[in-house]
file protein37.cif (mmCIF, C-alpha atoms)
data_structure
loop_
_atom_site.label_atom_id
_atom_site.label_comp_id
_atom_site.auth_asym_id
_atom_site.auth_seq_id
_atom_site.Cartn_x
_atom_site.Cartn_y
_atom_site.Cartn_z
CA MET A 1 -2.32 63.10 31.74
CA TYR A 2 -0.78 63.56 28.32
CA ILE A 3 2.18 61.64 26.98
CA ASP A 4 4.56 64.55 27.57
CA GLY A 5 3.62 64.69 31.23
CA LEU A 6 1.45 67.82 31.09
CA ASN A 7 -2.24 68.01 31.98
CA ARG A 8 -5.01 69.85 30.11
CA ASN A 9 -4.49 73.09 32.03
CA GLN A 10 -0.93 73.31 30.74
CA ARG A 11 -1.81 72.88 27.05
CA GLY A 12 -1.02 76.51 26.19
CA THR A 13 2.57 76.02 27.28
CA THR A 14 3.27 72.86 25.35
CA MET A 15 5.82 72.89 22.58
CA PHE A 16 3.21 73.86 20.00
CA GLY A 17 0.89 75.74 22.33
CA VAL A 18 -0.05 79.40 21.98
CA SER A 19 2.40 80.66 24.62
CA ASN A 20 5.34 79.05 22.89
CA ARG A 21 4.25 80.42 19.53
CA ILE A 22 4.25 83.93 20.97
CA TYR A 23 7.63 83.26 22.55
CA LEU A 24 9.02 82.10 19.18
CA ILE A 25 7.63 85.20 17.45
CA LYS A 26 9.20 87.45 20.10
CA ALA A 27 12.51 85.62 19.78
CA SER A 28 12.38 85.99 15.99
CA VAL A 29 11.77 89.73 16.32
CA VAL A 30 14.63 90.12 18.78
CA CYS A 31 16.98 88.14 16.53
CA SER A 32 15.94 90.26 13.54
CA ILE A 33 16.63 93.46 15.49
CA LEU A 34 20.01 92.15 16.62
CA LEU A 35 20.90 91.12 13.08
CA ALA A 36 19.89 94.53 11.76
CA GLY A 37 22.01 96.13 14.49
CA CYS A 38 25.01 94.04 13.47
CA GLN A 39 24.52 95.01 9.84
CA GLY A 40 24.27 98.65 10.96
CA ALA A 41 27.54 98.25 12.83
CA GLN A 42 29.14 96.85 9.67
CA VAL A 43 27.88 99.86 7.72
CA ALA A 44 29.23 102.17 10.42
CA ASP A 45 32.60 100.39 10.25
CA THR A 46 32.57 100.85 6.46
CA TYR A 47 31.90 104.55 6.90
CA ASN A 48 34.68 104.82 9.48
CA GLU A 49 37.11 103.02 7.18
CA ARG A 50 36.19 105.32 4.31
CA ALA A 51 36.57 108.39 6.53
CA ARG A 52 40.04 107.22 7.59
CA ALA A 53 41.04 106.66 3.96
CA ILE A 54 39.84 110.14 2.97
CA SER A 55 41.66 111.69 5.92
CA ALA A 56 44.88 109.82 5.09
CA ARG A 57 44.65 111.03 1.47
CA ALA A 58 44.04 114.61 2.65
CA ASN A 59 47.17 114.38 4.82
CA LEU A 60 49.24 113.77 1.68
CA GLU A 61 47.97 117.09 0.33
CA VAL A 62 48.84 118.84 3.60
CA VAL A 63 52.43 117.66 3.18
CA GLN A 64 52.40 118.63 -0.50
CA ASN A 65 51.14 122.14 0.32
CA ALA A 66 53.88 122.48 2.95
CA ALA A 67 56.53 121.40 0.42
CA GLU A 68 55.26 123.94 -2.11
CA LYS A 69 55.19 126.67 0.54
CA TYR A 70 58.75 125.75 1.53
CA ALA A 71 59.88 126.00 -2.09
CA LYS A 72 58.53 129.56 -2.36
CA GLU A 73 60.63 130.50 0.65
CA HIS A 74 63.79 128.70 -0.57
CA LEU A 75 64.45 129.70 -4.19
CA TYR A 76 62.08 127.05 -5.50
CA LEU A 77 63.99 124.14 -4.04
CA TYR A 78 61.98 121.61 -2.08
CA PRO A 79 62.96 120.36 1.37
CA THR A 80 65.57 117.63 1.50
CA GLN A 81 64.87 116.72 5.13
CA ILE A 82 62.13 116.97 7.71
CA ASP A 83 63.54 119.87 9.70
CA ASP A 84 62.18 122.97 11.49
CA ASP A 85 62.19 124.98 8.24
CA PHE A 86 59.93 122.40 6.60
CA LYS A 87 57.73 121.95 9.70
CA ALA A 88 57.19 125.73 9.82
CA CYS A 89 55.40 125.47 6.47
CA PHE A 90 52.67 123.22 7.85
CA PRO A 91 49.30 124.68 8.95
CA GLU A 92 49.61 127.11 11.88
CA GLY A 93 53.38 127.32 11.40
CA ASP A 94 55.39 130.47 10.70
CA PRO A 95 58.37 130.24 8.33
CA ALA A 96 59.61 133.70 9.37
CA THR A 97 60.06 132.67 13.01
CA LYS A 98 60.54 128.96 12.25
CA LYS A 99 57.60 128.14 14.50
CA PRO A 100 56.60 124.58 13.61
CA GLY A 101 53.07 124.05 12.39
CA LYS A 102 50.86 121.14 13.32
CA ALA A 103 51.77 117.66 12.17
CA PRO A 104 49.03 115.83 10.28
CA LEU A 105 46.86 113.59 12.43
CA ASN A 106 47.27 109.92 11.54
CA PRO A 107 43.66 108.71 11.19
CA PHE A 108 44.60 105.14 12.13
CA THR A 109 46.49 105.94 15.35
CA GLY A 110 44.85 109.24 16.29
CA ASN A 111 48.31 110.78 16.86
CA PRO A 112 49.92 113.72 15.08
CA GLU A 113 52.82 112.42 12.98
CA TRP A 114 55.38 114.23 10.85
CA PRO A 115 56.26 112.68 7.51
CA VAL A 116 59.22 110.34 7.39
CA ILE A 117 61.93 110.45 4.74
CA GLY A 118 61.10 107.95 2.02
CA LYS A 119 63.18 106.15 -0.55
CA VAL A 120 61.55 107.11 -3.87
CA THR A 121 64.06 108.35 -6.45
CA ASP A 122 62.10 107.84 -9.68
CA LEU A 123 58.51 109.12 -9.95
CA VAL A 124 57.56 107.03 -12.97
CA ALA A 125 58.84 103.82 -11.40
CA ALA A 126 57.16 104.65 -8.07
CA ARG A 127 53.81 105.30 -9.74
CA THR A 128 53.83 102.13 -11.83
CA THR A 129 54.89 99.61 -9.20
CA THR A 130 52.46 97.80 -6.97
CA PRO A 131 52.08 99.39 -3.54
CA GLU A 132 54.86 98.56 -1.09
CA GLN A 133 54.70 98.17 2.68
CA ILE A 134 54.08 101.47 4.52
CA GLY A 135 52.52 101.71 7.95
CA LYS A 136 48.86 102.67 8.16
CA GLY A 137 48.56 106.45 7.83
CA VAL A 138 52.33 106.98 7.66
CA ILE A 139 53.38 109.64 5.16
CA GLU A 140 56.66 109.27 3.26
CA TYR A 141 58.28 112.38 1.83
CA SER A 142 61.12 111.65 -0.59
CA PRO A 143 63.29 114.49 -1.84
CA ILE A 144 64.35 113.89 -5.45
CA ASN A 145 67.31 115.27 -7.35
CA GLY A 146 68.67 117.43 -4.54
CA GLY A 147 65.36 119.15 -3.82
CA LYS A 148 64.31 119.84 -7.41
CA ASP A 149 61.33 117.52 -6.99
CA TYR A 150 59.69 115.32 -4.38
CA ALA A 151 57.49 112.26 -3.99
CA ILE A 152 54.84 111.81 -1.32
CA ARG A 153 53.28 108.43 -0.57
CA GLY A 154 50.96 107.41 2.23
CA GLY A 155 50.03 104.21 3.99
CA ALA A 156 46.53 102.82 3.46
CA ASP A 157 44.51 100.70 5.86
CA THR A 158 46.08 97.63 4.24
CA GLY A 159 49.54 98.50 5.59
CA LYS A 160 50.71 99.18 2.04
CA ALA A 161 51.04 102.40 0.06
CA MET A 162 47.79 103.86 -1.27
CA ASP A 163 46.71 102.65 -4.68
CA ALA A 164 46.82 105.00 -7.66
CA GLU A 165 43.59 106.90 -8.19
CA ASP A 166 43.83 106.57 -11.96
CA ALA A 167 41.75 103.54 -12.91
CA SER A 168 43.63 103.18 -16.21
CA HIS A 169 46.65 101.61 -14.53
CA VAL A 170 47.69 99.66 -11.48
CA GLY A 171 50.23 101.35 -9.29
CA THR A 172 50.92 103.54 -6.30
CA LEU A 173 49.52 106.98 -5.53
CA VAL A 174 52.47 109.37 -5.56
CA LEU A 175 52.05 113.13 -5.23
CA SER A 176 54.70 115.42 -6.65
CA ARG A 177 55.11 118.90 -8.06
CA ASP A 178 53.58 117.71 -11.35
CA SER A 179 50.38 116.78 -9.51
CA PHE A 180 50.18 119.93 -7.36
CA LYS A 181 46.92 121.81 -7.60
CA LYS A 182 47.13 125.31 -6.20
CA SER A 183 44.43 125.93 -3.62
CA THR A 184 41.60 128.19 -4.79
CA SER A 185 40.75 129.26 -1.25
CA PRO A 186 42.27 132.48 0.11
#

call {"tool": "encode", "arguments": {"input": "protein37.cif", "output": "structure tokens"}}
result
Amino acid sequence: MYIDGLNRNQRGTTMFGVSNRIYLIKASVVCSILLAGCQGAQVADTYNERARAISARANLEVVQNAAEKYAKEHLYLYPTQIDDDFKACFPEGDPATKKPGKAPLNPFTGNPEWPVIGKVTDLVAARTTTPEQIGKGVIEYSPINGGKDYAIRGGADTGKAMDAEDASHVGTLVLSRDSFKKSTSP
């Protein structure tokens, strides 16, 4: 009998025997696969986070397009409240019958949500300040100067307003009539 209490027939199963070496190799392979799976899940989470950010940014443009459509229908004045006239300018809405369109889908909650009235009164100040608290995916629409202009901000995954896209300065992303790009699609 050996010191560890095993006889010669059990040598392959000792701590350093062949069977245990195979077991350790198998365990290493399984751990490697699990680790790779976890890293894959992290990559998938990164992709999901990026997709939510892109969707939240696109929602700002949906609101901007609705505001511009509203202005064409109302002597080039922008909406001063989130009412049925404004909602009718969203996709699938009909301004003639005041049929509300579809509210943008908040990518963080999965629910359709209309914009909320914001508090921006000065575009330059809003664009140059650090992002303030705004709920994830929430869109703020701020009428400025009695409907002569507007500011649209959105909540990022951080729970603050989205950062400015211009790398030359730190500030908040704010869409307005000066940043409107007319759609090239029919």

call {"tool": "residues_around", "arguments": {"input": "protein37.cif", "residues": "A:Gln64", "least_positions_apart": "3", "cutoff": "8 Å", "atoms": "all atoms listed in the file", "output": "list in words"}}
result
Leu60, Glu61, Ala67, Glu68, Ile152, Leu175, Ser176 and Phe180 of chain A

call {"tool": "residues_around", "arguments": {"input": "protein37.cif", "residues": "stretch 113-126 of chain A", "least_positions_apart": "5", "cutoff": "8 Å", "atoms": "all atoms listed in the file", "output": "list in words"}}
result
Val63, Gln81, Ile82, Ala103, Pro104, Leu105, Asn106, Val138, Ile139, Glu140, Tyr141, Ser142, Pro143, Ile144, Asn145, Ala151, Gly171, Thr172 and Val174 of chain A

call {"tool": "atom_distance", "arguments": {"input": "protein37.cif", "atom1": "atom CA of A:Thr97", "atom2": "atom CA of A:Asp83"}}
result
13.7 Å

call {"tool": "residues_around", "arguments": {"input": "protein37.cif", "residues": "A:Val170", "least_positions_apart": "6", "cutoff": "8 Å", "atoms": "only C-alpha atoms", "output": "list in words"}}
result
Thr128, Thr129, Thr130, Asp163 and Ala164 of chain A

call {"tool": "resolve_selection", "arguments": {"input": "protein37.cif", "expression": "the PyMOL selection byres ((chain A and resi 99) around 9)", "output": "PyMOL selection string"}}
result
chain A and resi 84-85+87-89+92-98+100-101

call {"tool": "atom_distance", "arguments": {"input": "protein37.cif", "atom1": "atom CA of A:Phe86", "atom2": "atom CA of A:Pro112"}}
result
15.7 Å

call {"tool": "atom_distance", "arguments": {"input": "protein37.cif", "atom1": "atom CA of A:Pro131", "atom2": "atom CA of A:Tyr78"}}
result
24.4 Å

call {"tool": "closest_residue", "arguments": {"input": "protein37.cif", "among": "A:Phe108, A:Thr80, A:Gly154, A:Asn65", "to": "A:Ser179", "atoms": "only C-alpha atoms"}}
result
A:Asn65

call {"tool": "residues_around", "arguments": {"input": "protein37.cif", "residues": "A:Arg57", "least_positions_apart": "6", "cutoff": "9 Å", "atoms": "all atoms listed in the file", "output": "list in words"}}
result
Gly137, Gly154, Ala156 and Met162 of chain A

call {"tool": "closest_residue", "arguments": {"input": "protein37.cif", "among": "A:Ala56, A:Leu77, A:Ala71, A:Ile134", "to": "A:Thr158", "atoms": "only C-alpha atoms"}}
result
A:Ile134

call {"tool": "closest_residue", "arguments": {"input": "protein37.cif", "among": "A:Ala66, A:Tyr76, A:Phe90, A:Ser55", "to": "A:Lys136", "atoms": "all atoms listed in the file"}}
result
A:Ser55

call {"tool": "closest_residue", "arguments": {"input": "protein37.cif", "among": "A:Val62, A:Gln133, A:Tyr70, A:Arg52", "to": "A:Lys102", "atoms": "only C-alpha atoms"}}
result
A:Val62

call {"tool": "closest_residue", "arguments": {"input": "protein37.cif", "among": "A:Pro91, A:Gly110, A:Gly135, A:Pro79", "to": "A:Gly159", "atoms": "only C-alpha atoms"}}
result
A:Gly135

call {"tool": "axis_aligned_box", "arguments": {"input": "protein37.cif", "around": "stretch 56-61 of chain A", "padding_each_side": "8 Å", "output": "JSON"}}
result
{"center_x": 46.6, "center_y": 113.5, "center_z": 2.7, "size_x": 21.2, "size_y": 23.3, "size_z": 20.8}

call {"tool": "build_atoms", "arguments": {"input": "protein37.cif", "residues": "stretch 132-167 of chain A", "atoms": "N, CA and C atoms", "output": "PDB file, in the coordinates of the input"}}
result
ATOM      1  N   GLU A 132      53.929  99.216  -2.023  1.00  0.00           N
ATOM      2  CA  GLU A 132      54.860  98.560  -1.090  1.00  0.00           C
ATOM      3  C   GLU A 132      54.374  98.752   0.340  1.00  0.00           C
ATOM      4  N   GLN A 133      55.029  98.059   1.266  1.00  0.00           N
ATOM      5  CA  GLN A 133      54.700  98.170   2.680  1.00  0.00           C
ATOM      6  C   GLN A 133      54.979  99.583   3.193  1.00  0.00           C
ATOM      7  N   ILE A 134      53.969 100.192   3.791  1.00  0.00           N
ATOM      8  CA  ILE A 134      54.080 101.470   4.520  1.00  0.00           C
ATOM      9  C   ILE A 134      53.066 101.365   5.644  1.00  0.00           C
ATOM     10  N   GLY A 135      53.433 101.787   6.818  1.00  0.00           N
ATOM     11  CA  GLY A 135      52.520 101.710   7.950  1.00  0.00           C
ATOM     12  C   GLY A 135      51.225 102.468   7.689  1.00  0.00           C
ATOM     13  N   LYS A 136      50.157 102.028   8.327  1.00  0.00           N
ATOM     14  CA  LYS A 136      48.860 102.670   8.160  1.00  0.00           C
ATOM     15  C   LYS A 136      48.941 104.156   8.525  1.00  0.00           C
ATOM     16  N   GLY A 137      48.589 105.013   7.585  1.00  0.00           N
ATOM     17  CA  GLY A 137      48.560 106.450   7.830  1.00  0.00           C
ATOM     18  C   GLY A 137      49.907 107.135   7.833  1.00  0.00           C
ATOM     19  N   VAL A 138      50.988 106.397   7.694  1.00  0.00           N
ATOM     20  CA  VAL A 138      52.330 106.980   7.660  1.00  0.00           C
ATOM     21  C   VAL A 138      52.510 107.711   6.323  1.00  0.00           C
ATOM     22  N   ILE A 139      53.136 108.867   6.372  1.00  0.00           N
ATOM     23  CA  ILE A 139      53.380 109.640   5.160  1.00  0.00           C
ATOM     24  C   ILE A 139      54.882 109.648   4.891  1.00  0.00           C
ATOM     25  N   GLU A 140      55.252 109.232   3.691  1.00  0.00           N
ATOM     26  CA  GLU A 140      56.660 109.270   3.260  1.00  0.00           C
ATOM     27  C   GLU A 140      56.872 110.474   2.353  1.00  0.00           C
ATOM     28  N   TYR A 141      57.878 111.258   2.678  1.00  0.00           N
ATOM     29  CA  TYR A 141      58.280 112.380   1.830  1.00  0.00           C
ATOM     30  C   TYR A 141      59.679 112.058   1.316  1.00  0.00           C
ATOM     31  N   SER A 142      59.820 111.974   0.006  1.00  0.00           N
ATOM     32  CA  SER A 142      61.120 111.650  -0.590  1.00  0.00           C
ATOM     33  C   SER A 142      61.611 112.834  -1.408  1.00  0.00           C
ATOM     34  N   PRO A 143      62.713 113.460  -0.987  1.00  0.00           N
ATOM     35  CA  PRO A 143      63.290 114.490  -1.840  1.00  0.00           C
ATOM     36  C   PRO A 143      63.961 113.842  -3.049  1.00  0.00           C
ATOM     37  N   ILE A 144      63.795 114.445  -4.219  1.00  0.00           N
ATOM     38  CA  ILE A 144      64.350 113.890  -5.450  1.00  0.00           C
ATOM     39  C   ILE A 144      65.255 114.918  -6.107  1.00  0.00           C
ATOM     40  N   ASN A 145      66.389 114.443  -6.582  1.00  0.00           N
ATOM     41  CA  ASN A 145      67.310 115.270  -7.350  1.00  0.00           C
ATOM     42  C   ASN A 145      67.746 116.527  -6.578  1.00  0.00           C
ATOM     43  N   GLY A 146      68.144 116.328  -5.349  1.00  0.00           N
ATOM     44  CA  GLY A 146      68.670 117.430  -4.540  1.00  0.00           C
ATOM     45  C   GLY A 146      67.661 118.516  -4.215  1.00  0.00           C
ATOM     46  N   GLY A 147      66.387 118.182  -4.170  1.00  0.00           N
ATOM     47  CA  GLY A 147      65.360 119.150  -3.820  1.00  0.00           C
ATOM     48  C   GLY A 147      64.687 119.795  -5.024  1.00  0.00           C
ATOM     49  N   LYS A 148      64.974 119.300  -6.216  1.00  0.00           N
ATOM     50  CA  LYS A 148      64.310 119.840  -7.410  1.00  0.00           C
ATOM     51  C   LYS A 148      62.924 119.240  -7.607  1.00  0.00           C
ATOM     52  N   ASP A 149      62.635 118.169  -6.924  1.00  0.00           N
ATOM     53  CA  ASP A 149      61.330 117.520  -6.990  1.00  0.00           C
ATOM     54  C   ASP A 149      61.141 116.728  -5.701  1.00  0.00           C
ATOM     55  N   TYR A 150      59.994 116.127  -5.561  1.00  0.00           N
ATOM     56  CA  TYR A 150      59.690 115.320  -4.380  1.00  0.00           C
ATOM     57  C   TYR A 150      58.647 114.269  -4.736  1.00  0.00           C
ATOM     58  N   ALA A 151      58.526 113.280  -3.873  1.00  0.00           N
ATOM     59  CA  ALA A 151      57.490 112.260  -3.990  1.00  0.00           C
ATOM     60  C   ALA A 151      56.875 112.071  -2.615  1.00  0.00           C
ATOM     61  N   ILE A 152      55.556 112.019  -2.581  1.00  0.00           N
ATOM     62  CA  ILE A 152      54.840 111.810  -1.320  1.00  0.00           C
ATOM     63  C   ILE A 152      53.938 110.599  -1.486  1.00  0.00           C
ATOM     64  N   ARG A 153      54.125 109.620  -0.596  1.00  0.00           N
ATOM     65  CA  ARG A 153      53.280 108.430  -0.570  1.00  0.00           C
ATOM     66  C   ARG A 153      52.699 108.292   0.824  1.00  0.00           C
ATOM     67  N   GLY A 154      51.573 107.609   0.916  1.00  0.00           N
ATOM     68  CA  GLY A 154      50.960 107.410   2.230  1.00  0.00           C
ATOM     69  C   GLY A 154      50.499 105.983   2.407  1.00  0.00           C
ATOM     70  N   GLY A 155      50.457 105.558   3.658  1.00  0.00           N
ATOM     71  CA  GLY A 155      50.030 104.210   3.990  1.00  0.00           C
ATOM     72  C   GLY A 155      48.519 104.098   4.078  1.00  0.00           C
ATOM     73  N   ALA A 156      47.967 103.089   3.420  1.00  0.00           N
ATOM     74  CA  ALA A 156      46.530 102.820   3.460  1.00  0.00           C
ATOM     75  C   ALA A 156      46.202 101.896   4.626  1.00  0.00           C
ATOM     76  N   ASP A 157      44.929 101.584   4.778  1.00  0.00           N
ATOM     77  CA  ASP A 157      44.510 100.700   5.860  1.00  0.00           C
ATOM     78  C   ASP A 157      45.002  99.268   5.676  1.00  0.00           C
ATOM     79  N   THR A 158      45.551  98.964   4.519  1.00  0.00           N
ATOM     80  CA  THR A 158      46.080  97.630   4.240  1.00  0.00           C
ATOM     81  C   THR A 158      47.510  97.454   4.748  1.00  0.00           C
ATOM     82  N   GLY A 159      48.140  98.559   5.183  1.00  0.00           N
ATOM     83  CA  GLY A 159      49.540  98.500   5.590  1.00  0.00           C
ATOM     84  C   GLY A 159      50.480  98.614   4.402  1.00  0.00           C
ATOM     85  N   LYS A 160      49.916  98.955   3.254  1.00  0.00           N
ATOM     86  CA  LYS A 160      50.710  99.180   2.040  1.00  0.00           C
ATOM     87  C   LYS A 160      50.428 100.599   1.558  1.00  0.00           C
ATOM     88  N   ALA A 161      51.247 101.067   0.622  1.00  0.00           N
ATOM     89  CA  ALA A 161      51.040 102.400   0.060  1.00  0.00           C
ATOM     90  C   ALA A 161      49.661 102.467  -0.609  1.00  0.00           C
ATOM     91  N   MET A 162      49.104 103.663  -0.645  1.00  0.00           N
ATOM     92  CA  MET A 162      47.790 103.860  -1.270  1.00  0.00           C
ATOM     93  C   MET A 162      47.880 103.544  -2.757  1.00  0.00           C
ATOM     94  N   ASP A 163      46.802 102.959  -3.256  1.00  0.00           N
ATOM     95  CA  ASP A 163      46.710 102.650  -4.680  1.00  0.00           C
ATOM     96  C   ASP A 163      46.537 103.932  -5.492  1.00  0.00           C
ATOM     97  N   ALA A 164      47.002 103.880  -6.737  1.00  0.00           N
ATOM     98  CA  ALA A 164      46.820 105.000  -7.660  1.00  0.00           C
ATOM     99  C   ALA A 164      45.336 105.264  -7.843  1.00  0.00           C
ATOM    100  N   GLU A 165      44.994 106.529  -8.006  1.00  0.00           N
ATOM    101  CA  GLU A 165      43.590 106.900  -8.190  1.00  0.00           C
ATOM    102  C   GLU A 165      43.163 106.802  -9.639  1.00  0.00           C
ATOM    103  N   ASP A 166      44.120 106.667 -10.540  1.00  0.00           N
ATOM    104  CA  ASP A 166      43.830 106.570 -11.960  1.00  0.00           C
ATOM    105  C   ASP A 166      43.463 105.119 -12.282  1.00  0.00           C
ATOM    106  N   ALA A 167      42.228 104.902 -12.665  1.00  0.00           N
ATOM    107  CA  ALA A 167      41.750 103.540 -12.910  1.00  0.00           C
ATOM    108  C   ALA A 167      42.363 102.919 -14.168  1.00  0.00           C
TER     109      ALA A 167
END
